[in-house]
>>> print(open('input_37.txt').read())   # compact mmCIF, N, CA, C and O atoms
# COMPACT_ATOMS: atom_id res chain seq x y z
N MET A 606 0.84 -1.16 0.00
CA MET A 606 0.00 0.00 0.00
C MET A 606 0.89 1.23 0.00
O MET A 606 1.91 1.29 0.66
N TRP A 607 0.46 2.23 -0.75
CA TRP A 607 1.25 3.45 -0.89
C TRP A 607 0.83 4.45 0.17
O TRP A 607 -0.34 4.66 0.45
N THR A 608 1.82 5.15 0.83
CA THR A 608 1.52 6.21 1.81
C THR A 608 2.32 7.43 1.44
O THR A 608 3.44 7.34 0.93
N SER A 609 1.76 8.57 1.74
CA SER A 609 2.43 9.82 1.44
C SER A 609 3.52 10.07 2.46
O SER A 609 3.39 9.76 3.64
N SER A 610 4.61 10.66 2.00
CA SER A 610 5.70 10.95 2.92
C SER A 610 5.42 12.25 3.71
O SER A 610 6.06 12.50 4.71
N LYS A 611 4.49 13.05 3.22
CA LYS A 611 4.13 14.29 3.91
C LYS A 611 2.95 14.01 4.83
O LYS A 611 1.95 13.46 4.42
N ARG A 612 3.08 14.42 6.06
CA ARG A 612 1.99 14.25 7.02
C ARG A 612 1.18 15.55 7.08
O ARG A 612 1.75 16.63 7.12
N LYS A 613 -0.09 15.41 7.14
CA LYS A 613 -0.95 16.57 7.31
C LYS A 613 -1.03 16.89 8.81
O LYS A 613 -1.13 15.99 9.63
N PRO A 614 -0.97 18.16 9.14
CA PRO A 614 -1.08 18.50 10.56
C PRO A 614 -2.47 18.14 11.07
O PRO A 614 -3.46 18.25 10.35
N ASN A 615 -2.52 17.69 12.31
CA ASN A 615 -3.82 17.31 12.87
C ASN A 615 -4.54 18.49 13.52
O ASN A 615 -5.58 18.33 14.10
N HIS A 616 -3.94 19.66 13.44
CA HIS A 616 -4.60 20.85 13.96
C HIS A 616 -4.16 22.07 13.13
O HIS A 616 -3.12 22.04 12.49
N LEU A 617 -4.97 23.08 13.17
CA LEU A 617 -4.64 24.32 12.47
C LEU A 617 -3.84 25.22 13.40
O LEU A 617 -3.96 25.13 14.62
N PRO A 618 -3.01 26.10 12.86
CA PRO A 618 -2.26 27.03 13.72
C PRO A 618 -3.23 27.88 14.54
O PRO A 618 -4.30 28.24 14.10
N TYR A 619 -2.80 28.21 15.76
CA TYR A 619 -3.62 29.03 16.66
C TYR A 619 -3.67 30.45 16.14
O TYR A 619 -2.65 31.05 15.83
N ARG A 620 -4.86 30.97 16.06
CA ARG A 620 -5.06 32.37 15.69
C ARG A 620 -5.94 33.00 16.73
O ARG A 620 -7.00 32.49 17.05
N ARG A 621 -5.46 34.11 17.25
CA ARG A 621 -6.23 34.82 18.27
C ARG A 621 -7.43 35.48 17.62
O ARG A 621 -7.30 36.22 16.66
N ARG A 622 -8.57 35.22 18.16
CA ARG A 622 -9.80 35.81 17.65
C ARG A 622 -9.96 37.18 18.28
O ARG A 622 -9.87 37.34 19.48
N ARG A 623 -10.16 38.15 17.46
CA ARG A 623 -10.37 39.51 17.95
C ARG A 623 -11.85 39.77 18.07
O ARG A 623 -12.58 39.73 17.10
N ASN A 624 -12.26 40.04 19.29
CA ASN A 624 -13.66 40.39 19.53
C ASN A 624 -13.79 41.90 19.47
O ASN A 624 -13.01 42.61 20.09
N PRO A 625 -14.76 42.39 18.74
CA PRO A 625 -14.94 43.85 18.70
C PRO A 625 -15.33 44.35 20.08
O PRO A 625 -15.97 43.65 20.85
N ARG A 626 -14.93 45.58 20.38
CA ARG A 626 -15.30 46.19 21.66
C ARG A 626 -16.81 46.39 21.70
O ARG A 626 -17.41 46.78 20.71
N PRO A 627 -17.40 46.15 22.87
CA PRO A 627 -18.84 46.41 22.95
C PRO A 627 -19.12 47.90 22.82
O PRO A 627 -18.32 48.72 23.26
N GLN A 628 -20.22 48.23 22.22
CA GLN A 628 -20.60 49.63 22.04
C GLN A 628 -21.13 50.17 23.36
O GLN A 628 -21.89 49.52 24.05
N ALA A 629 -20.68 51.37 23.72
CA ALA A 629 -21.15 52.01 24.94
C ALA A 629 -22.53 52.61 24.71
O ALA A 629 -22.89 52.94 23.60
N THR A 630 -23.29 52.74 25.79
CA THR A 630 -24.60 53.37 25.71
C THR A 630 -24.56 54.68 26.48
O THR A 630 -23.79 54.82 27.41
N PRO A 631 -25.39 55.63 26.11
CA PRO A 631 -25.39 56.92 26.81
C PRO A 631 -25.73 56.74 28.28
O PRO A 631 -26.49 55.86 28.65
N PHE A 632 -25.16 57.59 29.13
CA PHE A 632 -25.40 57.54 30.57
C PHE A 632 -26.88 57.70 30.84
O PHE A 632 -27.53 58.60 30.37
N GLY A 633 -27.43 56.76 31.61
CA GLY A 633 -28.84 56.83 31.98
C GLY A 633 -29.77 56.21 30.95
O GLY A 633 -30.96 56.13 31.18
N ALA A 634 -29.23 55.76 29.81
CA ALA A 634 -30.08 55.17 28.78
C ALA A 634 -30.21 53.67 29.01
O ALA A 634 -29.35 53.05 29.61
N PRO A 635 -31.28 53.05 28.52
CA PRO A 635 -31.40 51.59 28.63
C PRO A 635 -30.23 50.92 27.93
O PRO A 635 -29.66 51.46 26.98
N SER A 636 -29.87 49.73 28.37
CA SER A 636 -28.68 49.07 27.86
C SER A 636 -28.74 48.79 26.36
O SER A 636 -27.72 48.69 25.70
N GLY A 637 -29.92 48.67 25.78
CA GLY A 637 -30.04 48.41 24.35
C GLY A 637 -29.98 49.66 23.49
O GLY A 637 -29.87 49.60 22.28
N ALA A 638 -30.04 50.83 24.11
CA ALA A 638 -30.07 52.09 23.36
C ALA A 638 -28.67 52.52 22.97
O ALA A 638 -27.73 52.35 23.71
N ARG A 639 -28.56 53.10 21.80
CA ARG A 639 -27.28 53.62 21.34
C ARG A 639 -27.48 55.01 20.78
O ARG A 639 -28.50 55.30 20.18
N SER A 640 -26.47 55.83 20.93
CA SER A 640 -26.53 57.19 20.41
C SER A 640 -25.56 57.32 19.26
O SER A 640 -24.42 56.91 19.35
N SER A 641 -26.01 57.91 18.17
CA SER A 641 -25.11 58.09 17.03
C SER A 641 -24.35 59.40 17.12
O SER A 641 -23.41 59.62 16.38
N SER A 642 -24.77 60.30 18.03
CA SER A 642 -24.14 61.61 18.09
C SER A 642 -22.81 61.61 18.82
O SER A 642 -21.87 62.26 18.41
N SER A 643 -22.68 60.88 19.94
CA SER A 643 -21.44 60.84 20.68
C SER A 643 -21.37 59.59 21.52
O SER A 643 -22.39 59.02 21.88
N PRO A 644 -20.15 59.14 21.83
CA PRO A 644 -20.03 57.95 22.65
C PRO A 644 -20.48 58.24 24.07
O PRO A 644 -20.49 59.39 24.52
N ALA A 645 -20.86 57.20 24.80
CA ALA A 645 -21.33 57.36 26.16
C ALA A 645 -20.20 57.78 27.08
O ALA A 645 -19.04 57.44 26.86
N ARG A 646 -20.56 58.56 28.08
CA ARG A 646 -19.58 58.97 29.06
C ARG A 646 -20.11 58.63 30.43
O ARG A 646 -21.23 58.99 30.77
N ASN A 647 -19.30 57.98 31.23
CA ASN A 647 -19.64 57.80 32.63
C ASN A 647 -19.16 59.05 33.34
O ASN A 647 -18.08 59.56 33.04
N PRO A 648 -19.93 59.53 34.31
CA PRO A 648 -19.49 60.74 34.99
C PRO A 648 -18.26 60.47 35.85
O PRO A 648 -18.08 59.37 36.37
N ALA A 649 -17.42 61.48 35.98
CA ALA A 649 -16.33 61.39 36.94
C ALA A 649 -16.97 61.38 38.31
O ALA A 649 -18.08 61.88 38.49
N ARG A 650 -16.30 60.79 39.30
CA ARG A 650 -16.94 60.65 40.60
C ARG A 650 -15.99 61.02 41.72
O ARG A 650 -14.84 60.60 41.74
N LEU A 651 -16.49 61.82 42.66
CA LEU A 651 -15.77 62.16 43.87
C LEU A 651 -16.43 61.36 44.98
O LEU A 651 -17.57 61.61 45.36
N GLY A 652 -15.73 60.35 45.47
CA GLY A 652 -16.28 59.42 46.45
C GLY A 652 -16.61 60.04 47.79
O GLY A 652 -16.13 61.13 48.13
N SER A 653 -17.40 59.33 48.59
CA SER A 653 -17.91 59.86 49.85
C SER A 653 -16.82 60.10 50.90
O SER A 653 -17.01 60.92 51.80
N SER A 654 -15.68 59.45 50.80
CA SER A 654 -14.63 59.66 51.79
C SER A 654 -13.65 60.77 51.39
O SER A 654 -12.72 61.07 52.13
N LEU A 655 -13.86 61.39 50.22
CA LEU A 655 -12.95 62.42 49.74
C LEU A 655 -13.42 63.82 50.10
O LEU A 655 -14.61 64.11 50.09
N GLN A 656 -12.45 64.68 50.40
CA GLN A 656 -12.73 66.08 50.73
C GLN A 656 -11.83 66.97 49.88
O GLN A 656 -10.64 66.70 49.76
N ILE A 657 -12.44 68.02 49.32
CA ILE A 657 -11.67 68.95 48.49
C ILE A 657 -11.92 70.38 48.97
O ILE A 657 -13.07 70.77 49.19
N LYS A 658 -10.83 71.13 49.12
CA LYS A 658 -10.91 72.57 49.40
C LYS A 658 -10.21 73.25 48.23
O LYS A 658 -9.01 73.07 48.05
N GLY A 659 -10.97 73.98 47.44
CA GLY A 659 -10.41 74.62 46.26
C GLY A 659 -11.42 74.68 45.15
O GLY A 659 -12.61 74.53 45.37
N HIS A 660 -10.94 74.89 43.93
CA HIS A 660 -11.80 75.05 42.76
C HIS A 660 -11.81 73.76 41.95
O HIS A 660 -10.76 73.17 41.70
N ILE A 661 -12.98 73.36 41.51
CA ILE A 661 -13.11 72.22 40.60
C ILE A 661 -13.60 72.78 39.27
O ILE A 661 -14.64 73.45 39.21
N THR A 662 -12.86 72.52 38.20
CA THR A 662 -13.29 72.90 36.85
C THR A 662 -13.13 71.69 35.96
O THR A 662 -12.25 70.85 36.18
N GLY A 663 -13.99 71.59 34.95
CA GLY A 663 -13.87 70.46 34.04
C GLY A 663 -14.85 70.55 32.90
O GLY A 663 -15.75 71.39 32.88
N THR A 664 -14.66 69.65 31.95
CA THR A 664 -15.55 69.59 30.79
C THR A 664 -16.08 68.16 30.66
O THR A 664 -16.02 67.55 29.60
N GLU A 665 -16.57 67.64 31.77
CA GLU A 665 -17.23 66.34 31.78
C GLU A 665 -18.23 66.32 32.92
O GLU A 665 -18.20 67.18 33.80
N ASP A 666 -19.14 65.35 32.89
CA ASP A 666 -20.13 65.21 33.95
C ASP A 666 -19.42 64.78 35.23
O ASP A 666 -18.39 64.10 35.19
N LEU A 667 -19.99 65.16 36.38
CA LEU A 667 -19.37 64.85 37.66
C LEU A 667 -20.43 64.47 38.67
O LEU A 667 -21.49 65.09 38.75
N GLN A 668 -20.16 63.44 39.45
CA GLN A 668 -21.01 63.06 40.58
C GLN A 668 -20.19 63.26 41.84
O GLN A 668 -19.06 62.77 41.94
N ILE A 669 -20.76 63.98 42.80
CA ILE A 669 -20.06 64.24 44.06
C ILE A 669 -20.80 63.55 45.19
O ILE A 669 -22.01 63.76 45.38
N ASP A 670 -20.08 62.72 45.93
CA ASP A 670 -20.62 62.07 47.11
C ASP A 670 -19.85 62.51 48.36
O ASP A 670 -20.25 62.20 49.47
N GLY A 671 -18.75 63.23 48.17
CA GLY A 671 -17.91 63.65 49.28
C GLY A 671 -18.16 65.10 49.67
O GLY A 671 -19.24 65.65 49.44
N LYS A 672 -17.14 65.73 50.25
CA LYS A 672 -17.25 67.10 50.76
C LYS A 672 -16.43 68.04 49.90
O LYS A 672 -15.26 67.76 49.62
N VAL A 673 -17.04 69.16 49.46
CA VAL A 673 -16.34 70.15 48.63
C VAL A 673 -16.57 71.54 49.21
O VAL A 673 -17.71 71.92 49.48
N GLU A 674 -15.47 72.27 49.40
CA GLU A 674 -15.52 73.68 49.78
C GLU A 674 -14.79 74.45 48.69
O GLU A 674 -13.57 74.36 48.58
N GLY A 675 -15.53 75.16 47.87
CA GLY A 675 -14.95 75.91 46.76
C GLY A 675 -15.84 75.83 45.55
O GLY A 675 -16.81 75.06 45.51
N SER A 676 -15.54 76.63 44.54
CA SER A 676 -16.40 76.70 43.36
C SER A 676 -16.29 75.45 42.49
O SER A 676 -15.27 74.78 42.47
N ILE A 677 -17.40 75.17 41.79
CA ILE A 677 -17.47 74.03 40.87
C ILE A 677 -17.96 74.57 39.54
O ILE A 677 -19.06 75.13 39.46
N THR A 678 -17.17 74.43 38.48
CA THR A 678 -17.54 74.90 37.15
C THR A 678 -17.40 73.74 36.17
O THR A 678 -16.30 73.25 35.92
N LEU A 679 -18.52 73.30 35.61
CA LEU A 679 -18.55 72.22 34.61
C LEU A 679 -19.24 72.77 33.38
O LEU A 679 -20.45 72.71 33.25
N ARG A 680 -18.47 73.33 32.47
CA ARG A 680 -19.03 74.02 31.30
C ARG A 680 -19.87 73.09 30.44
O ARG A 680 -19.35 72.21 29.77
N GLY A 681 -21.20 73.31 30.49
CA GLY A 681 -22.12 72.54 29.66
C GLY A 681 -22.30 71.10 30.08
O GLY A 681 -22.82 70.30 29.32
N HIS A 682 -21.87 70.75 31.27
CA HIS A 682 -21.98 69.36 31.73
C HIS A 682 -22.74 69.30 33.05
O HIS A 682 -22.91 70.30 33.73
N GLN A 683 -23.20 68.11 33.39
CA GLN A 683 -24.07 67.94 34.54
C GLN A 683 -23.30 67.63 35.82
O GLN A 683 -22.29 66.93 35.80
N LEU A 684 -23.84 68.13 36.93
CA LEU A 684 -23.34 67.82 38.25
C LEU A 684 -24.42 67.03 38.97
O LEU A 684 -25.58 67.47 39.03
N THR A 685 -24.07 65.88 39.50
CA THR A 685 -24.98 65.08 40.30
C THR A 685 -24.49 65.14 41.74
O THR A 685 -23.33 64.84 42.01
N VAL A 686 -25.37 65.55 42.64
CA VAL A 686 -25.02 65.64 44.05
C VAL A 686 -25.61 64.44 44.76
O VAL A 686 -26.83 64.26 44.80
N GLY A 687 -24.73 63.58 45.28
CA GLY A 687 -25.17 62.36 45.96
C GLY A 687 -25.75 62.64 47.34
O GLY A 687 -25.61 63.74 47.89
N SER A 688 -26.38 61.63 47.91
CA SER A 688 -27.05 61.79 49.21
C SER A 688 -26.07 62.02 50.35
O SER A 688 -26.45 62.57 51.38
N THR A 689 -24.81 61.65 50.21
CA THR A 689 -23.81 61.86 51.26
C THR A 689 -22.96 63.10 51.03
O THR A 689 -22.06 63.39 51.81
N ALA A 690 -23.22 63.83 49.95
CA ALA A 690 -22.41 65.01 49.60
C ALA A 690 -22.66 66.16 50.55
O ALA A 690 -23.76 66.34 51.06
N GLN A 691 -21.58 66.93 50.79
CA GLN A 691 -21.66 68.16 51.57
C GLN A 691 -20.96 69.24 50.75
O GLN A 691 -19.75 69.17 50.57
N LEU A 692 -21.73 70.20 50.24
CA LEU A 692 -21.17 71.23 49.39
C LEU A 692 -21.30 72.60 50.03
O LEU A 692 -22.37 72.96 50.53
N ASN A 693 -20.22 73.36 50.00
CA ASN A 693 -20.21 74.77 50.34
C ASN A 693 -19.58 75.43 49.12
O ASN A 693 -18.40 75.76 49.12
N SER A 694 -20.40 75.57 48.04
CA SER A 694 -19.85 75.89 46.73
C SER A 694 -20.75 76.82 45.93
O SER A 694 -21.97 76.80 46.07
N GLU A 695 -20.11 77.57 45.04
CA GLU A 695 -20.81 78.28 43.97
C GLU A 695 -20.72 77.35 42.78
O GLU A 695 -19.61 76.93 42.40
N ILE A 696 -21.86 77.01 42.18
CA ILE A 696 -21.89 75.97 41.13
C ILE A 696 -22.33 76.55 39.81
O ILE A 696 -23.34 77.26 39.72
N HIS A 697 -21.58 76.22 38.75
CA HIS A 697 -21.92 76.56 37.36
C HIS A 697 -21.88 75.27 36.57
O HIS A 697 -20.80 74.71 36.30
N ALA A 698 -23.08 74.75 36.19
CA ALA A 698 -23.16 73.47 35.46
C ALA A 698 -24.45 73.47 34.65
O ALA A 698 -25.33 74.31 34.86
N ALA A 699 -24.57 72.51 33.73
CA ALA A 699 -25.79 72.38 32.91
C ALA A 699 -26.93 71.91 33.81
O ALA A 699 -26.72 71.24 34.82
N LYS A 700 -28.14 72.26 33.40
CA LYS A 700 -29.32 71.83 34.16
C LYS A 700 -29.72 70.45 33.77
O LYS A 700 -29.56 69.99 32.73
>>> encode(input="input_37.txt", output="structure tokens")
Amino acid sequence: MWTSSKRKPNHLPYRRRRNPRPQATPFGAPSGARSSSSPARNPARLGSSLQIKGHITGTEDLQIDGKVEGSITLRGHQLTVGSTAQLNSEIHAAK
């Protein structure tokens, strides 16, 4: 009986499968909703054990659960004040 001198590999070379990144959803939107205008942003967060004395400025949404003494300016972005937050601040943020 004739046999081939070349052996066929019994497995294919390993190739890493690239999974596409999941699409983000807008903050506060149902998980199935998607926005075509801009990617979702999670708000920056100041935790309940943190204290700041000074000025906070930024161009992103912010949630504060800690203590802040000083002005807060978030140009065109939202400020969320948590139930544990203590603010002594002048605030400029989107409604």
>>> atom_distance(input="input_37.txt", atom1="CA of Gln656 in chain A", atom2="atom C of Arg680 in chain A")
22.6 Å
>>> atom_distance(input="input_37.txt", atom1="CA of Thr685 in chain A", atom2="CA of Leu667 in chain A")
6.2 Å
>>> residues_around(input="input_37.txt", residues="Val686 in chain A", least_positions_apart="6", cutoff="7 Å", atoms="only N, CA, C and O atoms", output="ChimeraX atom specification")
/A:667-670
>>> closest_residue(input="input_37.txt", among="A:Gly675, A:Ser653, A:Thr664, A:Asn647", to="Ala690 in chain A", atoms="only N, CA, C and O atoms")
A:Ser653
>>> residues_around(input="input_37.txt", residues="Val673 in chain A", least_positions_apart="6", cutoff="6 Å", atoms="only N, CA, C and O atoms", output="compact mmCIF listing (two decimals) with N, CA, C and O atoms, keeping the file's coordinate frame")
# COMPACT_ATOMS: atom_id res chain seq x y z
N LEU A 655 -13.86 61.39 50.22
CA LEU A 655 -12.95 62.42 49.74
C LEU A 655 -13.42 63.82 50.10
O LEU A 655 -14.61 64.11 50.09
N GLN A 656 -12.45 64.68 50.40
CA GLN A 656 -12.73 66.08 50.73
C GLN A 656 -11.83 66.97 49.88
O GLN A 656 -10.64 66.70 49.76
N ILE A 657 -12.44 68.02 49.32
CA ILE A 657 -11.67 68.95 48.49
C ILE A 657 -11.92 70.38 48.97
O ILE A 657 -13.07 70.77 49.19
N LYS A 658 -10.83 71.13 49.12
CA LYS A 658 -10.91 72.57 49.40
C LYS A 658 -10.21 73.25 48.23
O LYS A 658 -9.01 73.07 48.05
N GLN A 691 -21.58 66.93 50.79
CA GLN A 691 -21.66 68.16 51.57
C GLN A 691 -20.96 69.24 50.75
O GLN A 691 -19.75 69.17 50.57
N LEU A 692 -21.73 70.20 50.24
CA LEU A 692 -21.17 71.23 49.39
C LEU A 692 -21.30 72.60 50.03
O LEU A 692 -22.37 72.96 50.53
N ASN A 693 -20.22 73.36 50.00
CA ASN A 693 -20.21 74.77 50.34
C ASN A 693 -19.58 75.43 49.12
O ASN A 693 -18.40 75.76 49.12
N SER A 694 -20.40 75.57 48.04
CA SER A 694 -19.85 75.89 46.73
C SER A 694 -20.75 76.82 45.93
O SER A 694 -21.97 76.80 46.07
>>> closest_residue(input="input_37.txt", among="A:Leu651, A:Ala698, A:Arg646, A:Gly659", to="Ser676 in chain A", atoms="all atoms listed in the file")
A:Gly659
>>> atom_distance(input="input_37.txt", atom1="atom N of Gly687 in chain A", atom2="atom O of Pro648 in chain A")
11.9 Å
>>> build_atoms(input="input_37.txt", residues="range 682-693 of chain A", atoms="all heavy atoms", output="PDB file, in the coordinates of the input")
ATOM      1  N   HIS A 682     -21.870  70.750  31.270  1.00  0.00           N
ATOM      2  CA  HIS A 682     -21.980  69.360  31.730  1.00  0.00           C
ATOM      3  C   HIS A 682     -22.740  69.300  33.050  1.00  0.00           C
ATOM      4  O   HIS A 682     -22.910  70.300  33.730  1.00  0.00           O
ATOM      5  CB  HIS A 682     -20.596  68.731  31.856  1.00  0.00           C
ATOM      6  CG  HIS A 682     -19.942  68.548  30.533  1.00  0.00           C
ATOM      7  ND1 HIS A 682     -20.119  67.441  29.757  1.00  0.00           N
ATOM      8  CD2 HIS A 682     -19.144  69.378  29.829  1.00  0.00           C
ATOM      9  CE1 HIS A 682     -19.445  67.577  28.633  1.00  0.00           C
ATOM     10  NE2 HIS A 682     -18.841  68.755  28.650  1.00  0.00           N
ATOM     11  N   GLN A 683     -23.200  68.110  33.390  1.00  0.00           N
ATOM     12  CA  GLN A 683     -24.070  67.940  34.540  1.00  0.00           C
ATOM     13  C   GLN A 683     -23.300  67.630  35.820  1.00  0.00           C
ATOM     14  O   GLN A 683     -22.290  66.930  35.800  1.00  0.00           O
ATOM     15  CB  GLN A 683     -25.050  66.802  34.288  1.00  0.00           C
ATOM     16  CG  GLN A 683     -26.027  67.106  33.188  1.00  0.00           C
ATOM     17  CD  GLN A 683     -27.028  65.990  32.994  1.00  0.00           C
ATOM     18  OE1 GLN A 683     -26.870  64.901  33.518  1.00  0.00           O
ATOM     19  NE2 GLN A 683     -28.071  66.262  32.236  1.00  0.00           N
ATOM     20  N   LEU A 684     -23.840  68.130  36.930  1.00  0.00           N
ATOM     21  CA  LEU A 684     -23.340  67.820  38.250  1.00  0.00           C
ATOM     22  C   LEU A 684     -24.420  67.030  38.970  1.00  0.00           C
ATOM     23  O   LEU A 684     -25.580  67.470  39.030  1.00  0.00           O
ATOM     24  CB  LEU A 684     -23.022  69.094  39.037  1.00  0.00           C
ATOM     25  CG  LEU A 684     -22.655  68.878  40.507  1.00  0.00           C
ATOM     26  CD1 LEU A 684     -21.345  68.106  40.632  1.00  0.00           C
ATOM     27  CD2 LEU A 684     -22.566  70.204  41.229  1.00  0.00           C
ATOM     28  N   THR A 685     -24.070  65.880  39.500  1.00  0.00           N
ATOM     29  CA  THR A 685     -24.980  65.080  40.300  1.00  0.00           C
ATOM     30  C   THR A 685     -24.490  65.140  41.740  1.00  0.00           C
ATOM     31  O   THR A 685     -23.330  64.840  42.010  1.00  0.00           O
ATOM     32  CB  THR A 685     -25.019  63.616  39.819  1.00  0.00           C
ATOM     33  OG1 THR A 685     -25.404  63.602  38.450  1.00  0.00           O
ATOM     34  CG2 THR A 685     -25.992  62.795  40.638  1.00  0.00           C
ATOM     35  N   VAL A 686     -25.370  65.550  42.640  1.00  0.00           N
ATOM     36  CA  VAL A 686     -25.020  65.640  44.050  1.00  0.00           C
ATOM     37  C   VAL A 686     -25.610  64.440  44.760  1.00  0.00           C
ATOM     38  O   VAL A 686     -26.830  64.260  44.800  1.00  0.00           O
ATOM     39  CB  VAL A 686     -25.557  66.956  44.666  1.00  0.00           C
ATOM     40  CG1 VAL A 686     -25.198  67.046  46.139  1.00  0.00           C
ATOM     41  CG2 VAL A 686     -25.007  68.155  43.902  1.00  0.00           C
ATOM     42  N   GLY A 687     -24.730  63.580  45.280  1.00  0.00           N
ATOM     43  CA  GLY A 687     -25.170  62.360  45.960  1.00  0.00           C
ATOM     44  C   GLY A 687     -25.750  62.640  47.340  1.00  0.00           C
ATOM     45  O   GLY A 687     -25.610  63.740  47.890  1.00  0.00           O
ATOM     46  N   SER A 688     -26.380  61.630  47.910  1.00  0.00           N
ATOM     47  CA  SER A 688     -27.050  61.790  49.210  1.00  0.00           C
ATOM     48  C   SER A 688     -26.070  62.020  50.350  1.00  0.00           C
ATOM     49  O   SER A 688     -26.450  62.570  51.380  1.00  0.00           O
ATOM     50  CB  SER A 688     -27.910  60.556  49.505  1.00  0.00           C
ATOM     51  OG  SER A 688     -27.079  59.398  49.562  1.00  0.00           O
ATOM     52  N   THR A 689     -24.810  61.650  50.210  1.00  0.00           N
ATOM     53  CA  THR A 689     -23.810  61.860  51.260  1.00  0.00           C
ATOM     54  C   THR A 689     -22.960  63.100  51.030  1.00  0.00           C
ATOM     55  O   THR A 689     -22.060  63.390  51.810  1.00  0.00           O
ATOM     56  CB  THR A 689     -22.878  60.627  51.377  1.00  0.00           C
ATOM     57  OG1 THR A 689     -22.230  60.417  50.120  1.00  0.00           O
ATOM     58  CG2 THR A 689     -23.666  59.381  51.764  1.00  0.00           C
ATOM     59  N   ALA A 690     -23.220  63.830  49.950  1.00  0.00           N
ATOM     60  CA  ALA A 690     -22.410  65.010  49.600  1.00  0.00           C
ATOM     61  C   ALA A 690     -22.660  66.160  50.550  1.00  0.00           C
ATOM     62  O   ALA A 690     -23.760  66.340  51.060  1.00  0.00           O
ATOM     63  CB  ALA A 690     -22.715  65.448  48.168  1.00  0.00           C
ATOM     64  N   GLN A 691     -21.580  66.930  50.790  1.00  0.00           N
ATOM     65  CA  GLN A 691     -21.660  68.160  51.570  1.00  0.00           C
ATOM     66  C   GLN A 691     -20.960  69.240  50.750  1.00  0.00           C
ATOM     67  O   GLN A 691     -19.750  69.170  50.570  1.00  0.00           O
ATOM     68  CB  GLN A 691     -20.970  68.003  52.919  1.00  0.00           C
ATOM     69  CG  GLN A 691     -21.594  66.955  53.807  1.00  0.00           C
ATOM     70  CD  GLN A 691     -20.799  66.774  55.096  1.00  0.00           C
ATOM     71  OE1 GLN A 691     -20.039  67.636  55.500  1.00  0.00           O
ATOM     72  NE2 GLN A 691     -20.986  65.633  55.727  1.00  0.00           N
ATOM     73  N   LEU A 692     -21.730  70.200  50.240  1.00  0.00           N
ATOM     74  CA  LEU A 692     -21.170  71.230  49.390  1.00  0.00           C
ATOM     75  C   LEU A 692     -21.300  72.600  50.030  1.00  0.00           C
ATOM     76  O   LEU A 692     -22.370  72.960  50.530  1.00  0.00           O
ATOM     77  CB  LEU A 692     -21.865  71.250  48.021  1.00  0.00           C
ATOM     78  CG  LEU A 692     -21.869  69.963  47.210  1.00  0.00           C
ATOM     79  CD1 LEU A 692     -22.588  70.173  45.901  1.00  0.00           C
ATOM     80  CD2 LEU A 692     -20.469  69.470  46.974  1.00  0.00           C
ATOM     81  N   ASN A 693     -20.220  73.360  50.000  1.00  0.00           N
ATOM     82  CA  ASN A 693     -20.210  74.770  50.340  1.00  0.00           C
ATOM     83  C   ASN A 693     -19.580  75.430  49.120  1.00  0.00           C
ATOM     84  O   ASN A 693     -18.400  75.760  49.120  1.00  0.00           O
ATOM     85  CB  ASN A 693     -19.402  75.017  51.613  1.00  0.00           C
ATOM     86  CG  ASN A 693     -19.458  76.467  52.044  1.00  0.00           C
ATOM     87  OD1 ASN A 693     -20.204  77.264  51.485  1.00  0.00           O
ATOM     88  ND2 ASN A 693     -18.644  76.807  53.021  1.00  0.00           N
TER      89      ASN A 693
END
